[in-house]
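Source file: data10.txt. Holds: compact mmCIF, C-alpha atoms.
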# COMPACT_ATOMS: atom_id res chain seq x y z
CA LEU Z 1 -2.15 -24.73 12.77
CA GLN Z 2 -1.68 -22.28 9.93
CA TYR Z 3 -5.40 -22.27 9.19
CA GLN Z 4 -6.02 -21.41 12.86
CA ASP Z 5 -3.54 -18.49 12.61
CA ARG Z 6 -1.16 -20.24 15.02
CA LEU Z 7 1.67 -19.18 12.75
CA GLN Z 8 4.62 -19.68 15.09
CA ASP Z 9 3.46 -23.23 15.86
CA ALA Z 10 2.83 -23.90 12.17
CA ALA Z 11 6.35 -22.71 11.31
CA LYS Z 12 7.85 -25.11 13.85
CA SER Z 13 5.95 -28.03 12.34
CA TYR Z 14 7.02 -27.14 8.79
CA GLU Z 15 10.62 -26.73 9.95
CA ARG Z 16 10.48 -30.20 11.54
CA ALA Z 17 9.11 -31.60 8.28
CA LEU Z 18 12.06 -30.08 6.43
CA GLU Z 19 14.50 -31.61 8.90
CA LEU Z 20 13.07 -34.98 7.87
CA ALA Z 21 12.80 -34.16 4.14
CA PRO Z 22 14.86 -31.03 3.25
CA ASP Z 23 13.64 -30.88 -0.36
CA LEU Z 24 9.93 -31.48 0.24
CA PRO Z 25 8.31 -28.78 -1.97
CA GLN Z 26 5.03 -28.69 -0.07
CA ALA Z 27 6.81 -28.00 3.22
CA LEU Z 28 9.07 -25.39 1.60
CA THR Z 29 6.21 -23.42 0.07
CA ASN Z 30 3.98 -23.73 3.14
CA LEU Z 31 6.76 -22.60 5.46
CA GLY Z 32 7.48 -19.77 3.05
CA ASP Z 33 3.84 -18.67 3.15
CA THR Z 34 3.82 -18.86 6.96
CA LEU Z 35 6.99 -16.79 7.26
CA ARG Z 36 5.50 -14.26 4.82
CA ARG Z 37 2.53 -13.84 7.11
CA LEU Z 38 4.93 -13.41 10.03
CA GLY Z 39 6.73 -10.64 8.14
CA ARG Z 40 9.95 -12.60 7.54
CA LEU Z 41 9.98 -11.83 3.83
CA ASP Z 42 13.64 -12.51 3.06
CA ASP Z 43 13.46 -16.03 4.52
CA ALA Z 44 10.11 -16.63 2.84
CA LEU Z 45 11.52 -15.59 -0.53
CA VAL Z 46 14.39 -18.09 -0.32
CA LEU Z 47 12.05 -20.97 0.58
CA CYS Z 48 9.45 -20.16 -2.06
CA ARG Z 49 12.05 -19.81 -4.81
CA LYS Z 50 13.45 -23.22 -3.88
CA ALA Z 51 9.96 -24.74 -3.94
CA VAL Z 52 9.33 -23.39 -7.47
CA ARG Z 53 12.70 -24.71 -8.62
CA LEU Z 54 12.02 -28.20 -7.21
CA ALA Z 55 8.35 -28.38 -8.23
CA PRO Z 56 7.74 -26.21 -11.33
CA ASP Z 57 4.36 -27.88 -11.87
CA MET Z 58 3.02 -27.11 -8.37
CA ALA Z 59 0.59 -24.19 -8.56
CA ALA Z 60 0.85 -23.35 -4.86
CA ALA Z 61 4.60 -22.88 -5.14
CA HIS Z 62 4.20 -20.24 -7.87
CA ALA Z 63 1.29 -18.62 -6.02
CA ASN Z 64 3.10 -18.36 -2.69
CA LEU Z 65 6.21 -16.97 -4.36
CA GLY Z 66 3.96 -14.41 -6.05
CA ALA Z 67 2.47 -13.48 -2.68
CA VAL Z 68 5.90 -12.95 -1.13
CA LEU Z 69 7.06 -10.83 -4.08
CA PHE Z 70 3.89 -8.75 -3.81
CA ASP Z 71 4.61 -8.07 -0.14
CA THR Z 72 8.18 -7.02 -0.98
CA GLY Z 73 6.79 -4.46 -3.43
CA ASP Z 74 7.66 -6.28 -6.67
CA ALA Z 75 4.12 -6.43 -8.03
CA GLU Z 76 5.12 -7.00 -11.66
CA THR Z 77 7.14 -10.14 -10.95
CA ALA Z 78 4.47 -11.25 -8.49
CA ALA Z 79 1.86 -11.01 -11.25
CA ASP Z 80 4.02 -13.19 -13.52
CA TYR Z 81 4.22 -15.97 -10.93
CA LEU Z 82 0.51 -15.72 -10.13
CA LYS Z 83 -0.30 -16.05 -13.85
CA ALA Z 84 1.89 -19.16 -13.94
CA ALA Z 85 0.02 -20.52 -10.92
CA LEU Z 86 -3.35 -19.97 -12.62
CA GLU Z 87 -2.18 -21.76 -15.75
CA LEU Z 88 -1.69 -24.78 -13.50
CA ALA Z 89 -4.85 -24.26 -11.43
CA PRO Z 90 -7.25 -22.02 -13.39
CA GLU Z 91 -10.18 -22.57 -11.02
CA ASP Z 92 -8.37 -21.41 -7.89
CA THR Z 93 -10.25 -18.36 -6.61
CA GLY Z 94 -7.61 -17.29 -4.09
CA MET Z 95 -4.85 -17.19 -6.69
CA ARG Z 96 -7.03 -15.18 -9.06
CA ILE Z 97 -7.82 -12.64 -6.35
CA ASN Z 98 -4.12 -12.27 -5.58
CA LEU Z 99 -3.40 -11.76 -9.28
CA ALA Z 100 -6.05 -9.03 -9.38
CA ARG Z 101 -4.39 -7.34 -6.38
CA ALA Z 102 -1.00 -7.46 -8.09
CA LEU Z 103 -2.40 -6.07 -11.34
CA VAL Z 104 -3.98 -3.16 -9.45
CA ARG Z 105 -0.55 -2.36 -8.03
CA THR Z 106 1.06 -2.43 -11.48
CA GLY Z 107 -1.57 -0.06 -12.85
CA ASP Z 108 -3.35 -2.65 -15.01
CA ALA Z 109 -6.89 -1.72 -13.97
CA VAL Z 110 -8.49 -3.63 -16.85
CA GLY Z 111 -6.68 -6.87 -16.05
CA ALA Z 112 -7.36 -6.44 -12.34
CA ARG Z 113 -11.07 -5.88 -12.93
CA ASP Z 114 -11.35 -8.84 -15.32
CA ASN Z 115 -9.72 -11.21 -12.84
CA ALA Z 116 -11.71 -9.83 -9.91
CA ARG Z 117 -14.95 -10.35 -11.86
CA LEU Z 118 -13.94 -13.92 -12.70
CA ALA Z 119 -13.26 -14.58 -9.03
CA GLN Z 120 -16.56 -12.96 -8.05
CA ASN Z 121 -18.53 -14.93 -10.63
CA SER Z 122 -17.02 -18.21 -9.49
CA GLY Z 123 -19.31 -17.98 -6.47
CA GLY Z 124 -16.72 -19.63 -4.27
CA GLY Z 125 -14.43 -18.41 -1.58
CA ASP Z 126 -14.39 -18.29 2.19
CA ALA Z 127 -14.77 -15.08 4.19
CA MET Z 128 -11.09 -14.17 3.87
CA GLN Z 129 -11.15 -14.58 0.08
CA VAL Z 130 -14.37 -12.60 -0.29
CA ASN Z 131 -12.82 -9.88 1.86
CA SER Z 132 -9.71 -9.86 -0.35
CA MET Z 133 -11.95 -9.57 -3.40
CA ALA Z 134 -13.58 -6.54 -1.77
CA SER Z 135 -10.12 -4.97 -1.39
CA VAL Z 136 -9.55 -5.24 -5.14
CA PHE Z 137 -12.80 -3.47 -5.99
CA TYR Z 138 -12.00 -0.84 -3.33
CA ASP Z 139 -8.65 -0.18 -5.03
CA LEU Z 140 -10.46 0.07 -8.37
CA GLY Z 141 -12.83 2.68 -6.94
CA GLU Z 142 -15.92 0.45 -7.20
CA LEU Z 143 -17.00 1.18 -3.65
CA GLU Z 144 -20.53 -0.21 -3.70
CA THR Z 145 -19.31 -3.55 -5.08
CA ALA Z 146 -16.58 -3.59 -2.44
CA LYS Z 147 -19.10 -2.80 0.28
CA ALA Z 148 -21.44 -5.60 -0.83
CA LEU Z 149 -18.57 -8.11 -0.82
CA VAL Z 150 -17.15 -7.13 2.55
CA THR Z 151 -20.67 -7.29 4.02
CA MET Z 152 -20.93 -10.82 2.63
CA ALA Z 153 -17.58 -11.70 4.23
CA LEU Z 154 -18.78 -10.43 7.61
CA GLU Z 155 -21.96 -12.46 7.30
CA GLN Z 156 -19.75 -15.54 6.94
CA ASN Z 157 -17.40 -14.49 9.75
CA PRO Z 158 -18.54 -11.57 11.95
CA ASP Z 159 -15.22 -11.62 13.84
CA LEU Z 160 -12.99 -11.17 10.79
CA ALA Z 161 -10.99 -8.14 11.85
CA ASN Z 162 -9.63 -7.28 8.43
CA ALA Z 163 -13.15 -7.25 6.98
CA HIS Z 164 -14.17 -4.65 9.58
CA ASN Z 165 -11.04 -2.72 8.63
CA ASN Z 166 -11.91 -2.90 4.93
CA LEU Z 167 -15.47 -1.80 5.60
CA GLY Z 168 -14.09 1.10 7.62
CA ASN Z 169 -11.96 2.16 4.65
CA ILE Z 170 -14.94 1.96 2.31
CA LEU Z 171 -17.17 3.97 4.65
CA THR Z 172 -14.42 6.59 5.02
CA ARG Z 173 -14.31 7.01 1.25
CA LEU Z 174 -18.12 7.26 1.21
CA GLY Z 175 -18.01 10.03 3.81
CA ARG Z 176 -19.75 7.97 6.51
CA LEU Z 177 -17.08 8.76 9.07
CA GLU Z 178 -18.87 7.83 12.31
CA ASP Z 179 -19.75 4.42 10.90
CA ALA Z 180 -16.16 4.04 9.68
CA VAL Z 181 -14.78 4.74 13.15
CA SER Z 182 -17.12 2.09 14.59
CA GLU Z 183 -15.82 -0.49 12.10
CA PHE Z 184 -12.18 0.31 12.87
CA ASP Z 185 -12.98 0.00 16.58
CA LEU Z 186 -14.41 -3.49 15.93
CA ALA Z 187 -11.26 -4.44 14.01
CA LEU Z 188 -9.09 -3.21 16.88
CA GLN Z 189 -11.12 -5.19 19.41
CA GLU Z 190 -9.87 -8.30 17.61
CA ASN Z 191 -6.33 -7.00 17.11
CA PRO Z 192 -5.66 -3.99 19.37
CA GLU Z 193 -2.10 -3.21 18.20
CA ASN Z 194 -2.52 -3.72 14.47
CA PRO Z 195 -0.73 -0.72 12.91
CA ASP Z 196 -2.82 -0.81 9.72
CA TYR Z 197 -6.07 -0.59 11.67
CA LEU Z 198 -4.71 2.20 13.88
CA ALA Z 199 -3.49 4.20 10.88
CA ASN Z 200 -6.83 3.79 9.12
CA LEU Z 201 -8.75 4.84 12.25
CA GLY Z 202 -6.50 7.89 12.38
CA GLY Z 203 -7.39 8.67 8.78
CA ALA Z 204 -11.10 8.59 9.61
CA HIS Z 205 -10.60 10.90 12.60
CA GLN Z 206 -8.56 13.26 10.43
CA ALA Z 207 -11.26 13.33 7.76
CA ALA Z 208 -13.75 14.21 10.51
CA GLY Z 209 -11.51 17.09 11.64
CA ASP Z 210 -10.39 15.54 14.94
CA LEU Z 211 -6.64 16.06 14.50
CA ALA Z 212 -5.73 15.21 18.09
CA ALA Z 213 -7.43 11.81 17.90
CA ALA Z 214 -5.89 11.23 14.47
CA GLU Z 215 -2.36 11.90 15.68
CA THR Z 216 -2.88 9.63 18.70
CA CYS Z 217 -3.80 6.81 16.31
CA PHE Z 218 -0.82 7.48 14.03
CA GLU Z 219 1.50 7.53 17.06
CA GLY Z 220 0.07 4.18 18.16
CA ALA Z 221 0.62 2.68 14.72
CA ILE Z 222 4.22 3.93 14.62
CA LYS Z 223 4.85 2.61 18.12
CA ALA Z 224 3.61 -0.82 17.01
CA GLU Z 225 5.60 -0.66 13.75
CA PRO Z 226 8.21 2.12 13.62
CA ASP Z 227 8.62 1.87 9.84
CA HIS Z 228 4.90 1.97 9.06
CA ALA Z 229 4.97 4.20 5.97
CA ASP Z 230 1.22 4.88 5.84
CA ALA Z 231 1.15 6.05 9.45
CA HIS Z 232 4.09 8.41 8.92
CA TRP Z 233 2.57 9.67 5.65
CA ASN Z 234 -0.83 10.31 7.24
CA ARG Z 235 0.78 12.00 10.21
CA GLY Z 236 2.61 14.11 7.66
CA LEU Z 237 -0.79 15.27 6.39
CA ALA Z 238 -2.26 15.86 9.86
CA ARG Z 239 0.58 17.81 11.48
CA PRO Z 240 0.64 20.71 8.99
CA LEU Z 241 -3.11 21.16 9.46
CA SER Z 242 -2.39 22.02 13.11
CA GLY Z 243 0.53 24.29 12.16
CA ASP Z 244 3.34 21.80 12.82
CA LEU Z 245 5.03 22.28 9.45
CA GLU Z 246 8.57 21.15 10.21
CA ARG Z 247 7.67 17.78 11.70
CA GLY Z 248 4.82 17.42 9.22
CA PHE Z 249 7.07 17.75 6.18
CA THR Z 250 9.59 15.34 7.75
CA ASP Z 251 6.83 12.72 7.91
CA TYR Z 252 5.69 13.70 4.42
CA GLU Z 253 8.98 12.33 3.03
CA TRP Z 254 7.74 8.84 3.92
CA ARG Z 255 5.55 8.97 0.81
CA TRP Z 256 8.49 7.59 -1.20
CA ARG Z 257 8.08 4.28 0.63
CA LEU Z 258 4.49 3.94 -0.59
CA PRO Z 259 3.80 2.04 -3.84
CA GLU Z 260 1.65 4.83 -5.30
CA PHE Z 261 4.56 7.32 -5.28
CA ARG Z 262 7.40 7.12 -7.78
CA ARG Z 263 10.29 9.55 -8.16
CA ARG Z 264 10.25 11.10 -11.61
CA HIS Z 265 13.88 12.25 -11.86
CA THR Z 266 16.13 9.73 -10.14
CA GLY Z 267 19.22 10.84 -12.08
CA ILE Z 268 19.22 14.38 -10.66
CA PRO Z 269 20.42 15.03 -7.09
CA ALA Z 270 17.75 16.44 -4.81
CA TRP Z 271 18.28 19.88 -3.29
CA ASP Z 272 19.21 19.46 0.36
CA GLY Z 273 19.13 23.11 1.37
CA GLU Z 274 22.58 24.20 0.22
CA ASP Z 275 23.31 27.62 -1.30
CA LEU Z 276 21.30 28.15 -4.51
CA ASP Z 277 22.97 31.32 -5.76
CA GLY Z 278 23.72 30.91 -9.47
CA ARG Z 279 22.31 27.39 -9.64
CA THR Z 280 19.35 25.93 -11.55
CA LEU Z 281 16.61 24.11 -9.64
CA LEU Z 282 14.01 21.86 -11.27
CA ILE Z 283 10.74 21.59 -9.39
CA HIS Z 284 7.99 19.34 -10.72
CA SER Z 285 4.32 18.67 -10.21
CA GLU Z 286 4.43 15.49 -8.20
CA GLN Z 287 0.67 15.19 -7.73
CA GLY Z 288 -2.41 17.00 -9.04
CA PHE Z 289 -3.42 20.42 -10.31
CA GLY Z 290 -4.50 21.66 -6.88
CA ASP Z 291 -1.20 20.76 -5.23
CA THR Z 292 0.70 22.60 -7.96
CA ILE Z 293 -1.42 25.75 -7.71
CA GLN Z 294 -1.20 25.72 -3.91
CA CYS Z 295 2.56 25.21 -3.66
CA ILE Z 296 3.89 27.26 -6.58
CA ARG Z 297 4.01 30.26 -4.18
CA TYR Z 298 7.29 28.86 -2.83
CA ALA Z 299 9.04 29.35 -6.17
CA ALA Z 300 9.45 33.02 -5.25
CA LEU Z 301 11.42 32.04 -2.12
CA LEU Z 302 13.74 29.90 -4.25
CA SER Z 303 14.26 32.75 -6.69
CA GLU Z 304 15.09 35.11 -3.81
CA ARG Z 305 17.85 32.70 -2.81
CA GLY Z 306 19.42 33.10 -6.25
CA ALA Z 307 18.07 30.04 -8.05
CA ARG Z 308 16.97 29.87 -11.66
CA VAL Z 309 13.73 27.92 -11.32
CA ILE Z 310 12.40 25.52 -13.96
CA LEU Z 311 8.94 24.08 -13.36
CA GLU Z 312 7.84 20.83 -14.98
CA THR Z 313 4.05 20.61 -14.75
CA HIS Z 314 0.84 19.30 -16.28
CA ALA Z 315 0.32 20.66 -19.79
CA PRO Z 316 -3.04 22.36 -19.03
CA LEU Z 317 -1.36 24.35 -16.22
CA ARG Z 318 1.57 25.57 -18.28
CA ARG Z 319 0.16 28.97 -19.32
CA LEU Z 320 -1.05 29.75 -15.78
CA MET Z 321 2.25 28.70 -14.20
CA GLN Z 322 4.19 31.02 -16.52
CA THR Z 323 2.67 33.92 -14.54
CA ALA Z 324 3.88 32.60 -11.17
CA PRO Z 325 6.44 34.84 -9.41
CA GLY Z 326 9.89 33.26 -9.25
CA VAL Z 327 9.42 30.80 -12.13
CA ASP Z 328 11.89 31.32 -14.97
CA GLN Z 329 10.80 28.55 -17.32
CA VAL Z 330 7.82 26.16 -17.54
CA VAL Z 331 7.86 22.84 -19.39
CA SER Z 332 5.17 20.20 -19.77
CA ARG Z 333 5.47 16.76 -18.25
Produce structure tokens that represent the structure in this file.
Amino acid sequence: LQYQDRLQDAAKSYERALELAPDLPQALTNLGDTLRRLGRLDDALVLCRKAVRLAPDMAAAHANLGAVLFDTGDAETAADYLKAALELAPEDTGMRINLARALVRTGDAVGARDNARLAQNSGGGDAMQVNSMASVFYDLGELETAKALVTMALEQNPDLANAHNNLGNILTRLGRLEDAVSEFDLALQENPENPDYLANLGGAHQAAGDLAAAETCFEGAIKAEPDHADAHWNRGLARPLSGDLERGFTDYEWRWRLPEFRRRHTGIPAWDGEDLDGRTLLIHSEQGFGDTIQCIRYAALLSERGARVILETHAPLRRLMQTAPGVDQVVSR
């Protein structure tokens, strides 16, 4: 049932198994994996932890716990459990692909690439595993390798929606936007309300300059999943382009829910708009050079409100930023 994606039915069968044998590790870890795929991460975490405790030598228990932790955003701990799983089952392609995904998230590009290559060279894997492998190379920026793998996955299973979605993402990055839209449409034919596919289709429309179509897609994704961070974030990029700054910057705050964004100064309270007269405000380069150069103009508005403005920025920008109106002091990151 699980293999056929009949997840609710699979969960019922695993739950019945656990009524008969409450400490059966295989049922615990399989139910945990099913609940993970259903989005019930807290319940899945409890079951998978119990399975690892009862069966420390069962590779699947460690692997499924790693998968749940990855989905909760704890990629580092997920990688530890996936490494433990591979020590028990070193030839398992699926576990190695999941380890590569976790290592990408932790920033270990070398480890991710090494494990992805090992999985690729094993020559095994069904369409879903090959598609997951493609995702790793996509995250590593190796787009042609990712494209070749996802094409292979679609040859094995032309109806695999997530492979069409992955190919759409790759084609978007390659600038082939019409082809990307076609792939996202194919993914949505299989799963019309999938918020990931809708958000990605919106991204392709936005890249093509069709902001109205992009916002319609982002709205659809948010309707399907109100807390979909990517959809809010992308809408936060689209709205300002059409002049809707206030709602755009509200959506832009959703970036903090994405794994690629990390707050640099968690011990300092954020300015919430209160009176700045006589106070010191630290602003910092959150992203790249271009963002800093574009947005430093607002330092003058802060200075006009009475703030002493300190800018923390990339070292190569320091001399230039010292000339910016409204900036009292510049320090390097």
Tell me, in Å to one decimal, how far CA of Leu140 in chain Z is from CA of Asp196 in chain Z.
19.7 Å
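One finds CA of Ala89 in chain Z at 14.2 Å from CA of Ala55 in chain Z.
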List as a short mmCIF file (atom, residue, chain, number, x, y, z; two decimals) with C-alpha atoms, keeping the file's coordinate frame the protein and nucleic acid residues near Leu302 in chain Z, meaning an atom at most 10 Å away when all atoms listed in the file are counted, but skip any in the same chain fewer than 5 places from it.
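Below is the file selection-v5.cif, written as the result:
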data_model
loop_
_atom_site.label_atom_id
_atom_site.label_comp_id
_atom_site.auth_asym_id
_atom_site.auth_seq_id
_atom_site.Cartn_x
_atom_site.Cartn_y
_atom_site.Cartn_z
CA LEU Z 276 21.30 28.15 -4.51
CA ASP Z 277 22.97 31.32 -5.76
CA LEU Z 281 16.61 24.11 -9.64
CA ARG Z 297 4.01 30.26 -4.18
CA ALA Z 307 18.07 30.04 -8.05
CA ARG Z 308 16.97 29.87 -11.66
CA VAL Z 309 13.73 27.92 -11.32
CA GLY Z 326 9.89 33.26 -9.25
CA VAL Z 327 9.42 30.80 -12.13
#
Here's a test: counting all atoms listed in the file, identify every protein, DNA and RNA residue with an atom at most 9 Å from (3.5, -18.9, -12.4) in the file's coordinate frame, and state them as a list of chain:residue names.
Z:Val52, Z:Pro56, Z:Ala59, Z:Ala61, Z:His62, Z:Ala63, Z:Leu65, Z:Gly66, Z:Ala78, Z:Ala79, Z:Asp80, Z:Tyr81, Z:Leu82, Z:Lys83, Z:Ala84, Z:Ala85, Z:Leu86, Z:Glu87, Z:Leu88
Residues from the last selection, C-alpha atoms, saved as a compact mmCIF listing (two decimals), in the frame of the given file:
# COMPACT_ATOMS: atom_id res chain seq x y z
CA VAL Z 52 9.33 -23.39 -7.47
CA PRO Z 56 7.74 -26.21 -11.33
CA ALA Z 59 0.59 -24.19 -8.56
CA ALA Z 61 4.60 -22.88 -5.14
CA HIS Z 62 4.20 -20.24 -7.87
CA ALA Z 63 1.29 -18.62 -6.02
CA LEU Z 65 6.21 -16.97 -4.36
CA GLY Z 66 3.96 -14.41 -6.05
CA ALA Z 78 4.47 -11.25 -8.49
CA ALA Z 79 1.86 -11.01 -11.25
CA ASP Z 80 4.02 -13.19 -13.52
CA TYR Z 81 4.22 -15.97 -10.93
CA LEU Z 82 0.51 -15.72 -10.13
CA LYS Z 83 -0.30 -16.05 -13.85
CA ALA Z 84 1.89 -19.16 -13.94
CA ALA Z 85 0.02 -20.52 -10.92
CA LEU Z 86 -3.35 -19.97 -12.62
CA GLU Z 87 -2.18 -21.76 -15.75
CA LEU Z 88 -1.69 -24.78 -13.50
Contacts of Gly39 in chain Z at 12 Å (all atoms listed in the file; same-chain gap of 6+ positions) as a VMD selection string:
chain Z and resid 7 to 8 32 to 33 45 67 to 68 71 to 72 225
Provide the CA of Glu76 in chain Z to CA of Trp254 in chain Z distance in Å, to one decimal place.
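So the two atoms, CA of Glu76 in chain Z and CA of Trp254 in chain Z, lie 22.4 Å apart.
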Write out as a compact mmCIF listing (two decimals) with C-alpha atoms, keeping the file's coordinate frame each polymer residue whose atoms come within 10 Å of Leu118 in chain Z, counting only C-alpha atoms; drop sequence neighbours fewer than 5 positions from it.
# COMPACT_ATOMS: atom_id res chain seq x y z
CA GLU Z 91 -10.18 -22.57 -11.02
CA THR Z 93 -10.25 -18.36 -6.61
CA ARG Z 96 -7.03 -15.18 -9.06
CA ILE Z 97 -7.82 -12.64 -6.35
CA ALA Z 100 -6.05 -9.03 -9.38
CA ALA Z 112 -7.36 -6.44 -12.34
CA ARG Z 113 -11.07 -5.88 -12.93
CA GLY Z 123 -19.31 -17.98 -6.47
Contacts of Cys295 in chain Z at 12 Å or less, counting all atoms listed in the file, minus same-chain residues fewer than 4 places along, as JSON, numbers by chain?
{"Z": [283, 284, 285, 286, 287, 288, 289, 290, 291, 299, 300, 301, 311, 321, 324, 325]}
Next, write the just-selected residues to a file, as a PDB file, keeping the file's coordinate frame, keeping C-alpha atoms as the atom set.
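To be explicit, this is the file written out as part.pdb:
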ATOM      1  CA  ILE Z 283      10.740  21.590  -9.390  1.00  0.00           C
ATOM      2  CA  HIS Z 284       7.990  19.340 -10.720  1.00  0.00           C
ATOM      3  CA  SER Z 285       4.320  18.670 -10.210  1.00  0.00           C
ATOM      4  CA  GLU Z 286       4.430  15.490  -8.200  1.00  0.00           C
ATOM      5  CA  GLN Z 287       0.670  15.190  -7.730  1.00  0.00           C
ATOM      6  CA  GLY Z 288      -2.410  17.000  -9.040  1.00  0.00           C
ATOM      7  CA  PHE Z 289      -3.420  20.420 -10.310  1.00  0.00           C
ATOM      8  CA  GLY Z 290      -4.500  21.660  -6.880  1.00  0.00           C
ATOM      9  CA  ASP Z 291      -1.200  20.760  -5.230  1.00  0.00           C
ATOM     10  CA  ALA Z 299       9.040  29.350  -6.170  1.00  0.00           C
ATOM     11  CA  ALA Z 300       9.450  33.020  -5.250  1.00  0.00           C
ATOM     12  CA  LEU Z 301      11.420  32.040  -2.120  1.00  0.00           C
ATOM     13  CA  LEU Z 311       8.940  24.080 -13.360  1.00  0.00           C
ATOM     14  CA  MET Z 321       2.250  28.700 -14.200  1.00  0.00           C
ATOM     15  CA  ALA Z 324       3.880  32.600 -11.170  1.00  0.00           C
ATOM     16  CA  PRO Z 325       6.440  34.840  -9.410  1.00  0.00           C
TER      17      PRO Z 325
END
With only C-alpha atoms as the basis for distance, which of Z:Leu69, Z:Val104, Z:Ile268, Z:Leu28 is at the shortest distance from Arg53 in chain Z?
Z:Leu28
